[in-house]
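Chemist: Below you'll find target-v4.cif; it's mmCIF, C-alpha atoms and all ligand atoms.
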data_protein
#
loop_
_atom_site.label_atom_id
_atom_site.label_comp_id
_atom_site.auth_asym_id
_atom_site.auth_seq_id
_atom_site.Cartn_x
_atom_site.Cartn_y
_atom_site.Cartn_z
CA MET Y 1 -19.32 -18.36 -50.25
CA PRO Y 2 -21.67 -17.68 -47.33
CA PHE Y 3 -20.15 -17.16 -43.88
CA ILE Y 4 -22.25 -19.97 -42.42
CA SER Y 5 -23.52 -22.90 -44.40
CA CYS Y 6 -25.68 -25.52 -42.78
CA LYS Y 7 -26.64 -28.42 -45.05
CA GLN Y 8 -29.00 -31.22 -44.11
CA VAL Y 9 -27.87 -31.01 -40.50
CA VAL Y 10 -29.28 -33.74 -38.28
CA ARG Y 11 -28.77 -34.09 -34.54
CA ALA Y 12 -30.22 -37.16 -32.89
CA TYR Y 13 -29.66 -37.90 -29.22
CA LYS Y 14 -29.69 -41.46 -27.95
CA VAL Y 15 -31.65 -41.69 -24.74
CA ASP Y 16 -31.87 -45.17 -23.23
CA ASN Y 17 -33.11 -47.31 -26.09
CA HIS Y 18 -34.63 -44.67 -28.27
CA GLU Y 19 -33.59 -41.65 -30.28
CA ILE Y 20 -34.70 -38.07 -29.94
CA VAL Y 21 -34.23 -36.27 -33.23
CA ALA Y 22 -33.68 -32.64 -32.26
CA LEU Y 23 -32.73 -31.41 -35.76
CA ARG Y 24 -34.14 -33.12 -38.84
CA GLY Y 25 -32.07 -31.92 -41.76
CA ILE Y 26 -31.57 -28.19 -41.31
CA ASP Y 27 -30.59 -26.09 -44.34
CA PHE Y 28 -29.68 -22.44 -44.15
CA THR Y 29 -26.90 -19.99 -44.91
CA MET Y 30 -25.85 -16.70 -43.37
CA GLU Y 31 -23.75 -13.96 -44.89
CA LYS Y 32 -20.95 -12.25 -43.03
CA GLY Y 33 -22.27 -9.38 -40.93
CA GLU Y 34 -25.81 -10.65 -41.02
CA MET Y 35 -27.99 -10.96 -37.95
CA VAL Y 36 -30.51 -13.78 -37.87
CA ALA Y 37 -33.00 -14.55 -35.11
CA ILE Y 38 -34.32 -18.04 -34.54
CA ILE Y 39 -37.64 -18.34 -32.84
CA GLY Y 40 -39.65 -21.40 -31.98
CA PRO Y 41 -41.25 -23.21 -29.08
CA SER Y 42 -39.36 -24.92 -26.31
CA GLY Y 43 -37.88 -28.24 -27.45
CA ALA Y 44 -37.76 -27.17 -31.12
CA GLY Y 45 -34.00 -27.69 -31.35
CA LYS Y 46 -32.79 -24.08 -31.03
CA SER Y 47 -30.12 -24.73 -28.41
CA SER Y 48 -29.01 -27.87 -30.23
CA LEU Y 49 -28.36 -25.78 -33.34
CA LEU Y 50 -26.40 -23.10 -31.45
CA ASN Y 51 -24.31 -25.77 -29.75
CA LEU Y 52 -23.38 -27.25 -33.12
CA LEU Y 53 -22.40 -23.86 -34.54
CA GLY Y 54 -20.35 -23.11 -31.45
CA GLY Y 55 -18.38 -26.33 -31.78
CA LEU Y 56 -19.77 -27.60 -28.49
CA ASP Y 57 -21.40 -30.59 -30.14
CA LYS Y 58 -21.21 -32.57 -33.41
CA PRO Y 59 -24.05 -33.23 -35.84
CA THR Y 60 -25.20 -36.81 -36.42
CA ALA Y 61 -25.26 -36.09 -40.16
CA GLY Y 62 -24.94 -33.18 -42.57
CA GLN Y 63 -22.47 -30.41 -43.26
CA LEU Y 64 -21.65 -27.37 -41.18
CA ILE Y 65 -19.23 -24.78 -42.51
CA VAL Y 66 -18.29 -21.54 -40.74
CA ASP Y 67 -15.94 -19.08 -42.45
CA GLY Y 68 -14.67 -21.78 -44.80
CA GLN Y 69 -14.03 -24.26 -41.99
CA SER Y 70 -15.94 -27.53 -41.81
CA LEU Y 71 -16.84 -27.96 -38.15
CA LEU Y 72 -17.14 -31.74 -38.55
CA GLU Y 73 -13.43 -31.99 -39.26
CA LEU Y 74 -12.32 -30.00 -36.21
CA LYS Y 75 -10.68 -31.99 -33.44
CA GLY Y 76 -8.36 -31.47 -30.51
CA ARG Y 77 -6.48 -28.19 -30.53
CA ALA Y 78 -8.18 -26.89 -33.65
CA LEU Y 79 -11.59 -27.46 -32.08
CA ALA Y 80 -10.49 -25.80 -28.84
CA HIS Y 81 -9.18 -22.83 -30.84
CA TYR Y 82 -12.47 -22.56 -32.72
CA ARG Y 83 -14.52 -22.49 -29.50
CA LEU Y 84 -12.25 -20.05 -27.75
CA GLU Y 85 -11.37 -17.64 -30.53
CA ARG Y 86 -13.65 -17.96 -33.52
CA VAL Y 87 -17.01 -17.82 -31.79
CA GLY Y 88 -18.46 -16.02 -28.78
CA PHE Y 89 -21.43 -17.17 -26.72
CA VAL Y 90 -23.93 -15.21 -24.67
CA TRP Y 91 -26.46 -17.22 -22.71
CA GLN Y 92 -29.55 -16.16 -20.83
CA GLU Y 93 -28.25 -17.40 -17.50
CA VAL Y 94 -25.67 -15.20 -15.83
CA GLU Y 95 -24.02 -18.22 -14.19
CA LYS Y 96 -23.29 -19.70 -17.61
CA ASN Y 97 -21.73 -16.44 -18.78
CA LEU Y 98 -19.71 -15.24 -15.79
CA LEU Y 99 -17.59 -16.50 -12.92
CA PHE Y 100 -18.83 -14.98 -9.69
CA HIS Y 101 -15.52 -14.88 -7.85
CA ARG Y 102 -13.89 -12.78 -10.56
CA SER Y 103 -14.34 -9.08 -11.26
CA ALA Y 104 -15.78 -7.85 -14.56
CA LEU Y 105 -12.21 -7.27 -15.73
CA GLY Y 106 -11.15 -10.73 -14.54
CA ASN Y 107 -14.04 -12.32 -16.42
CA VAL Y 108 -13.10 -10.55 -19.66
CA THR Y 109 -9.37 -11.34 -19.40
CA LEU Y 110 -9.98 -15.06 -18.71
CA PRO Y 111 -10.74 -16.22 -22.28
CA MET Y 112 -7.70 -14.26 -23.46
CA MET Y 113 -5.53 -15.90 -20.82
CA LEU Y 114 -6.74 -19.30 -22.04
CA ALA Y 115 -5.87 -18.24 -25.58
CA GLY Y 116 -2.32 -17.35 -24.52
CA VAL Y 117 -2.63 -13.56 -24.83
CA SER Y 118 -0.02 -11.65 -22.81
CA PRO Y 119 -1.12 -10.01 -19.53
CA PHE Y 120 -0.54 -6.51 -20.88
CA THR Y 121 -2.55 -7.07 -24.06
CA ARG Y 122 -5.40 -8.83 -22.30
CA ARG Y 123 -5.80 -6.02 -19.76
CA LYS Y 124 -5.73 -3.46 -22.55
CA GLN Y 125 -8.25 -5.32 -24.72
CA ALA Y 126 -10.49 -6.05 -21.69
CA ARG Y 127 -10.56 -2.36 -20.72
CA GLU Y 128 -11.41 -1.42 -24.31
CA LEU Y 129 -14.22 -3.94 -24.42
CA LEU Y 130 -15.60 -2.92 -21.03
CA ASP Y 131 -15.49 0.66 -22.29
CA ALA Y 132 -17.33 -0.43 -25.45
CA VAL Y 133 -20.11 -1.90 -23.28
CA ASP Y 134 -20.05 1.27 -21.12
CA LEU Y 135 -18.86 -0.38 -17.91
CA LEU Y 136 -15.48 1.25 -17.49
CA GLU Y 137 -16.36 2.53 -14.01
CA HIS Y 138 -17.40 -0.95 -12.88
CA ILE Y 139 -14.45 -3.05 -14.05
CA ASN Y 140 -13.46 -4.08 -10.53
CA LYS Y 141 -16.94 -5.13 -9.45
CA LYS Y 142 -17.97 -8.74 -9.18
CA PRO Y 143 -21.12 -9.92 -10.96
CA SER Y 144 -23.11 -9.89 -7.70
CA GLN Y 145 -22.48 -6.13 -7.42
CA LEU Y 146 -23.89 -5.47 -10.89
CA SER Y 147 -27.46 -5.23 -12.19
CA GLY Y 148 -28.86 -7.85 -14.59
CA GLY Y 149 -28.33 -5.57 -17.58
CA GLN Y 150 -24.78 -4.78 -16.51
CA GLN Y 151 -24.07 -8.49 -16.05
CA GLN Y 152 -25.25 -9.16 -19.62
CA ARG Y 153 -23.02 -6.35 -20.87
CA VAL Y 154 -20.04 -7.96 -19.13
CA ALA Y 155 -21.11 -11.28 -20.70
CA ILE Y 156 -21.03 -9.65 -24.14
CA ALA Y 157 -17.54 -8.28 -23.45
CA VAL Y 158 -16.44 -11.78 -22.37
CA ALA Y 159 -17.90 -13.28 -25.55
CA LEU Y 160 -15.94 -10.79 -27.66
CA ALA Y 161 -12.69 -11.05 -25.70
CA ASN Y 162 -10.82 -13.02 -28.36
CA LYS Y 163 -12.34 -11.00 -31.24
CA PRO Y 164 -14.56 -13.66 -32.76
CA GLN Y 165 -16.44 -12.86 -35.95
CA LEU Y 166 -19.43 -14.95 -34.94
CA LEU Y 167 -21.60 -14.27 -31.91
CA LEU Y 168 -24.12 -16.90 -30.81
CA ALA Y 169 -26.72 -15.70 -28.34
CA ASP Y 170 -29.26 -17.93 -26.60
CA GLU Y 171 -32.06 -15.75 -25.19
CA PRO Y 172 -29.56 -13.02 -24.27
CA THR Y 173 -32.30 -10.75 -22.92
CA GLY Y 174 -34.56 -13.48 -21.53
CA ALA Y 175 -33.86 -12.63 -17.90
CA LEU Y 176 -34.11 -8.84 -18.31
CA ASP Y 177 -37.00 -6.41 -17.99
CA GLY Y 178 -38.25 -4.81 -21.21
CA LYS Y 179 -36.32 -1.56 -20.98
CA THR Y 180 -33.04 -3.24 -20.05
CA ALA Y 181 -33.55 -5.83 -22.79
CA VAL Y 182 -33.90 -3.07 -25.39
CA ALA Y 183 -30.72 -1.39 -24.09
CA VAL Y 184 -28.78 -4.67 -24.38
CA MET Y 185 -30.09 -5.25 -27.92
CA ASP Y 186 -29.15 -1.70 -28.92
CA LEU Y 187 -25.66 -2.36 -27.58
CA LEU Y 188 -25.42 -5.61 -29.55
CA MET Y 189 -26.40 -3.70 -32.69
CA ASP Y 190 -23.65 -1.12 -32.03
CA LEU Y 191 -21.04 -3.82 -31.54
CA ARG Y 192 -22.18 -5.64 -34.63
CA GLU Y 193 -21.59 -2.48 -36.64
CA ARG Y 194 -18.29 -1.69 -34.95
CA TYR Y 195 -16.72 -5.15 -35.32
CA GLY Y 196 -18.60 -6.49 -38.36
CA LEU Y 197 -20.04 -9.33 -36.28
CA THR Y 198 -22.27 -12.04 -37.65
CA ILE Y 199 -24.94 -12.74 -35.03
CA LEU Y 200 -27.25 -15.71 -34.60
CA MET Y 201 -29.69 -15.19 -31.76
CA VAL Y 202 -32.30 -17.49 -30.30
CA THR Y 203 -35.23 -15.72 -28.71
CA HIS Y 204 -38.81 -16.21 -27.62
CA ASP Y 205 -39.45 -12.51 -27.79
CA MET Y 206 -40.71 -11.13 -31.12
CA LYS Y 207 -39.70 -7.65 -30.06
CA MET Y 208 -36.08 -8.80 -29.84
CA ALA Y 209 -36.36 -10.85 -33.05
CA GLN Y 210 -37.28 -7.67 -34.89
CA TYR Y 211 -33.72 -6.44 -34.50
CA ALA Y 212 -32.63 -9.18 -36.89
CA ASP Y 213 -32.28 -8.95 -40.67
CA ARG Y 214 -34.16 -12.24 -40.93
CA VAL Y 215 -36.23 -14.39 -38.64
CA LEU Y 216 -36.20 -18.18 -38.98
CA THR Y 217 -38.74 -20.36 -37.25
CA LEU Y 218 -37.65 -23.69 -35.87
CA ARG Y 219 -40.40 -26.13 -35.03
CA ASP Y 220 -39.95 -29.75 -34.10
CA GLY Y 221 -36.42 -29.84 -35.52
CA ALA Y 222 -37.31 -28.29 -38.88
CA LEU Y 223 -36.93 -24.74 -40.20
CA GLY Y 224 -40.13 -23.14 -41.39
CA GLN Y 225 -40.70 -20.31 -43.79
CA ASN Y 226 -38.94 -17.06 -43.10
CA MET Y 227 -41.46 -14.97 -41.25
CA SER Y 228 -42.37 -11.54 -42.45
CA ASP Y 229 -43.29 -8.89 -39.92
CA GLU Y 230 -46.99 -9.25 -40.73
CA ASP Y 231 -46.97 -12.95 -39.88
CA ALA Y 232 -44.97 -12.56 -36.72
CA SER Y 233 -46.97 -13.50 -33.70
CA PRO Y 234 -46.23 -11.44 -30.61
CA HIS Y 235 -47.41 -14.38 -28.49
CA LEU Y 236 -44.65 -16.87 -29.29
P1 LIG O 301 -34.88 -25.68 -27.64
O1 LIG O 301 -33.57 -24.99 -27.42
O2 LIG O 301 -35.60 -25.21 -28.85
O3 LIG O 301 -35.74 -25.69 -26.43
P2 LIG O 301 -33.29 -28.13 -27.58
O4 LIG O 301 -32.29 -28.09 -28.66
O5 LIG O 301 -32.85 -27.83 -26.20
O6 LIG O 301 -34.55 -27.22 -27.98
O7 LIG O 301 -33.95 -29.58 -27.55
C1 LIG O 301 -34.51 -30.23 -28.71
C2 LIG O 301 -34.91 -31.64 -28.34
O8 LIG O 301 -33.74 -32.39 -28.05
C3 LIG O 301 -35.77 -31.72 -27.09
O9 LIG O 301 -36.65 -32.80 -27.26
C4 LIG O 301 -34.77 -32.02 -26.00
O10 LIG O 301 -35.38 -32.72 -24.95
C5 LIG O 301 -33.77 -32.89 -26.73
N1 LIG O 301 -32.40 -32.77 -26.18
C6 LIG O 301 -31.64 -31.65 -26.15
N2 LIG O 301 -30.43 -31.90 -25.62
C7 LIG O 301 -30.41 -33.22 -25.32
C8 LIG O 301 -29.43 -34.11 -24.76
N3 LIG O 301 -28.23 -33.68 -24.41
N4 LIG O 301 -29.79 -35.39 -24.59
C9 LIG O 301 -31.00 -35.84 -24.96
N5 LIG O 301 -31.96 -35.08 -25.50
C10 LIG O 301 -31.68 -33.78 -25.69
P1 LIG O 302 -8.93 -0.25 -35.64
O1 LIG O 302 -8.95 0.52 -34.37
O2 LIG O 302 -7.56 -0.60 -36.11
O3 LIG O 302 -9.86 0.23 -36.71
P2 LIG O 302 -10.93 -2.19 -35.03
O4 LIG O 302 -11.94 -1.12 -35.18
O5 LIG O 302 -11.04 -3.44 -35.82
O6 LIG O 302 -9.45 -1.68 -35.25
O7 LIG O 302 -10.85 -2.58 -33.52
C1 LIG O 302 -10.86 -1.65 -32.49
C2 LIG O 302 -10.59 -2.39 -31.21
O8 LIG O 302 -11.55 -3.41 -31.07
C3 LIG O 302 -9.25 -3.06 -31.16
O9 LIG O 302 -8.76 -3.04 -29.83
C4 LIG O 302 -9.54 -4.46 -31.57
O10 LIG O 302 -8.60 -5.32 -30.95
C5 LIG O 302 -10.92 -4.67 -31.02
N1 LIG O 302 -11.72 -5.61 -31.82
C6 LIG O 302 -11.73 -5.77 -33.16
N2 LIG O 302 -12.60 -6.72 -33.55
C7 LIG O 302 -13.17 -7.18 -32.42
C8 LIG O 302 -14.17 -8.17 -32.13
N3 LIG O 302 -14.76 -8.92 -33.08
N4 LIG O 302 -14.51 -8.35 -30.86
C9 LIG O 302 -13.90 -7.63 -29.91
N5 LIG O 302 -12.97 -6.70 -30.10
C10 LIG O 302 -12.60 -6.47 -31.34
#
Any chance you could put this one into structure tokens?
Ligand code: ADP
Ligand code: ADP
Modeler:
Amino acid sequence: MPFISCKQVVRAYKVDNHEIVALRGIDFTMEKGEMVAIIGPSGAGKSSLLNLLGGLDKPTAGQLIVDGQSLLELKGRALAHYRLERVGFVWQEVEKNLLFHRSALGNVTLPMMLAGVSPFTRRKQARELLDAVDLLEHINKKPSQLSGGQQQRVAIAVALANKPQLLLADEPTGALDGKTAVAVMDLLMDLRERYGLTILMVTHDMKMAQYADRVLTLRDGALGQNMSDEDASPHL
């Protein structure tokens, strides 16, 4: 059984008296440990799809299964558990990833605190993760004292705090300069290897998409052909 199975997934939003269909019957699967990049123009439905996989939103129709669990059936505590412990998110915007009044360490311990992990264990795991993202000497700094690349590395540590198997990333390098973006992607690749992560990443940047095992194109709510490197346009 694939790790992720998305069958005929539709997401329509009601806006005033009409409907916006953001996803028009999406079909795809991902294997455990795979990394897939989704590219596509603005408004194509990329964020809508990530939100569904992260349990932040429900599809209007279709089937969505992650690690044997149907996301449509999750409610209440089970849904909260899924969001907090089964999946990690990294967004482009630092303010969506991090709390500014907390240190790097405090940001990484927070999801564990919410999950009921003991203070000792959460400090230990947070230090290990901040070491894994090479920020051990900055654990007491607040986000405003860190560079953009360092902030994204803290964000990755936060996303992995509760040891999820699935990492969802929405333009994780979109706010970074080219060199820093490459460093963050290299780090993601290391962590993927180390923890056996399955990664679904949305990006506009073909250079970043090339880190993926597969690239899917989403256009107007529909998945296109898998792109090969030769077809890939650097101008997307
Ligand atoms: P992308 O991430 O590819 O830019 P989105 O998933 O954000 O695409 O949006 C897909 C379509 O759905 C767009 O037309 C967008 O305006 C619409 N949309 C997204 N979220 C909402 C919402 N909460 N309410 C209404 N329309 C939405
Ligand atoms: P071991 O050291 O027993 O081989 P792992 O290599 O699985 O264990 O994990 C090493 C460390 O990374 C441990 O502290 C573990 O809690 C942590 N860890 C394992 N999986 C993840 C994950 N998906 N995200 C974050 N941390 C993880």
Chemist: Around ligand LIG 302 (chain O), which protein and nucleic acid residues have at least one atom no more than 9 Å from it, if we count only C-alpha atoms and all ligand atoms? List them as a list in words.
Modeler: Gly88, Lys124, Gln125, Ala126, Glu128, Leu129, Ala132, Ala157, Val158, Ala159, Leu160, Ala161, Asn162, Lys163, Pro164, Gln165, Leu166, Leu167, Leu191, Arg192, Arg194, Tyr195, Gly196 and Leu197 of chain Y
Chemist: How would the residues just picked look written out with C-alpha atoms as a compact mmCIF listing (two decimals), keeping the file's coordinate frame?
Modeler:
# COMPACT_ATOMS: atom_id res chain seq x y z
CA GLY Y 88 -18.46 -16.02 -28.78
CA LYS Y 124 -5.73 -3.46 -22.55
CA GLN Y 125 -8.25 -5.32 -24.72
CA ALA Y 126 -10.49 -6.05 -21.69
CA GLU Y 128 -11.41 -1.42 -24.31
CA LEU Y 129 -14.22 -3.94 -24.42
CA ALA Y 132 -17.33 -0.43 -25.45
CA ALA Y 157 -17.54 -8.28 -23.45
CA VAL Y 158 -16.44 -11.78 -22.37
CA ALA Y 159 -17.90 -13.28 -25.55
CA LEU Y 160 -15.94 -10.79 -27.66
CA ALA Y 161 -12.69 -11.05 -25.70
CA ASN Y 162 -10.82 -13.02 -28.36
CA LYS Y 163 -12.34 -11.00 -31.24
CA PRO Y 164 -14.56 -13.66 -32.76
CA GLN Y 165 -16.44 -12.86 -35.95
CA LEU Y 166 -19.43 -14.95 -34.94
CA LEU Y 167 -21.60 -14.27 -31.91
CA LEU Y 191 -21.04 -3.82 -31.54
CA ARG Y 192 -22.18 -5.64 -34.63
CA ARG Y 194 -18.29 -1.69 -34.95
CA TYR Y 195 -16.72 -5.15 -35.32
CA GLY Y 196 -18.60 -6.49 -38.36
CA LEU Y 197 -20.04 -9.33 -36.28
Chemist: Of the residues Y:Gly148, Y:Gly221, Y:Pro111, Y:Gly116, which is the one nearest to Val21 (chain Y), using all atoms listed in the file?
Modeler: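 With all atoms listed in the file as the atom set, the closest residue is Y:Gly221.
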Chemist: When distances are computed from all atoms listed in the file, which of Y:Leu74, Y:Ala104, Y:Val133, Y:Ile20 shows the smallest separation from ligand LIG 301 (chain O)?
Modeler: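 So, comparing all the options, the nearest one is Y:Ile20.
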Chemist: Got a sec to check which residues lie within 9 Å of ligand LIG 301 (chain O), using only C-alpha atoms and all ligand atoms, and send them as a PDB file with C-alpha atoms, in the frame of the given file?
Modeler:
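Done, and the output landed in result_18.pdb:
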ATOM      1  CA  ARG Y  11     -28.770 -34.090 -34.540  1.00  0.00           C
ATOM      2  CA  ALA Y  12     -30.220 -37.160 -32.890  1.00  0.00           C
ATOM      3  CA  TYR Y  13     -29.660 -37.900 -29.220  1.00  0.00           C
ATOM      4  CA  LYS Y  14     -29.690 -41.460 -27.950  1.00  0.00           C
ATOM      5  CA  VAL Y  15     -31.650 -41.690 -24.740  1.00  0.00           C
ATOM      6  CA  GLU Y  19     -33.590 -41.650 -30.280  1.00  0.00           C
ATOM      7  CA  ILE Y  20     -34.700 -38.070 -29.940  1.00  0.00           C
ATOM      8  CA  VAL Y  21     -34.230 -36.270 -33.230  1.00  0.00           C
ATOM      9  CA  ALA Y  22     -33.680 -32.640 -32.260  1.00  0.00           C
ATOM     10  CA  LEU Y  23     -32.730 -31.410 -35.760  1.00  0.00           C
ATOM     11  CA  ILE Y  39     -37.640 -18.340 -32.840  1.00  0.00           C
ATOM     12  CA  GLY Y  40     -39.650 -21.400 -31.980  1.00  0.00           C
ATOM     13  CA  PRO Y  41     -41.250 -23.210 -29.080  1.00  0.00           C
ATOM     14  CA  SER Y  42     -39.360 -24.920 -26.310  1.00  0.00           C
ATOM     15  CA  GLY Y  43     -37.880 -28.240 -27.450  1.00  0.00           C
ATOM     16  CA  ALA Y  44     -37.760 -27.170 -31.120  1.00  0.00           C
ATOM     17  CA  GLY Y  45     -34.000 -27.690 -31.350  1.00  0.00           C
ATOM     18  CA  LYS Y  46     -32.790 -24.080 -31.030  1.00  0.00           C
ATOM     19  CA  SER Y  47     -30.120 -24.730 -28.410  1.00  0.00           C
ATOM     20  CA  SER Y  48     -29.010 -27.870 -30.230  1.00  0.00           C
ATOM     21  CA  LEU Y  49     -28.360 -25.780 -33.340  1.00  0.00           C
ATOM     22  CA  LEU Y  50     -26.400 -23.100 -31.450  1.00  0.00           C
ATOM     23  CA  ASN Y  51     -24.310 -25.770 -29.750  1.00  0.00           C
ATOM     24  CA  ASP Y 170     -29.260 -17.930 -26.600  1.00  0.00           C
ATOM     25  CA  VAL Y 202     -32.300 -17.490 -30.300  1.00  0.00           C
ATOM     26  CA  LEU Y 218     -37.650 -23.690 -35.870  1.00  0.00           C
ATOM     27  CA  ARG Y 219     -40.400 -26.130 -35.030  1.00  0.00           C
ATOM     28  CA  ASP Y 220     -39.950 -29.750 -34.100  1.00  0.00           C
ATOM     29  CA  GLY Y 221     -36.420 -29.840 -35.520  1.00  0.00           C
TER      30      GLY Y 221
END
Chemist: Using only C-alpha atoms, which of the listed residues (Y:Ala37, Y:Ala78, Y:Leu188, Y:Val10) sits closest to Lys58 (chain Y)?
Modeler: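 Of the candidates, the smallest distance to Lys58 (chain Y) is held by Y:Val10.
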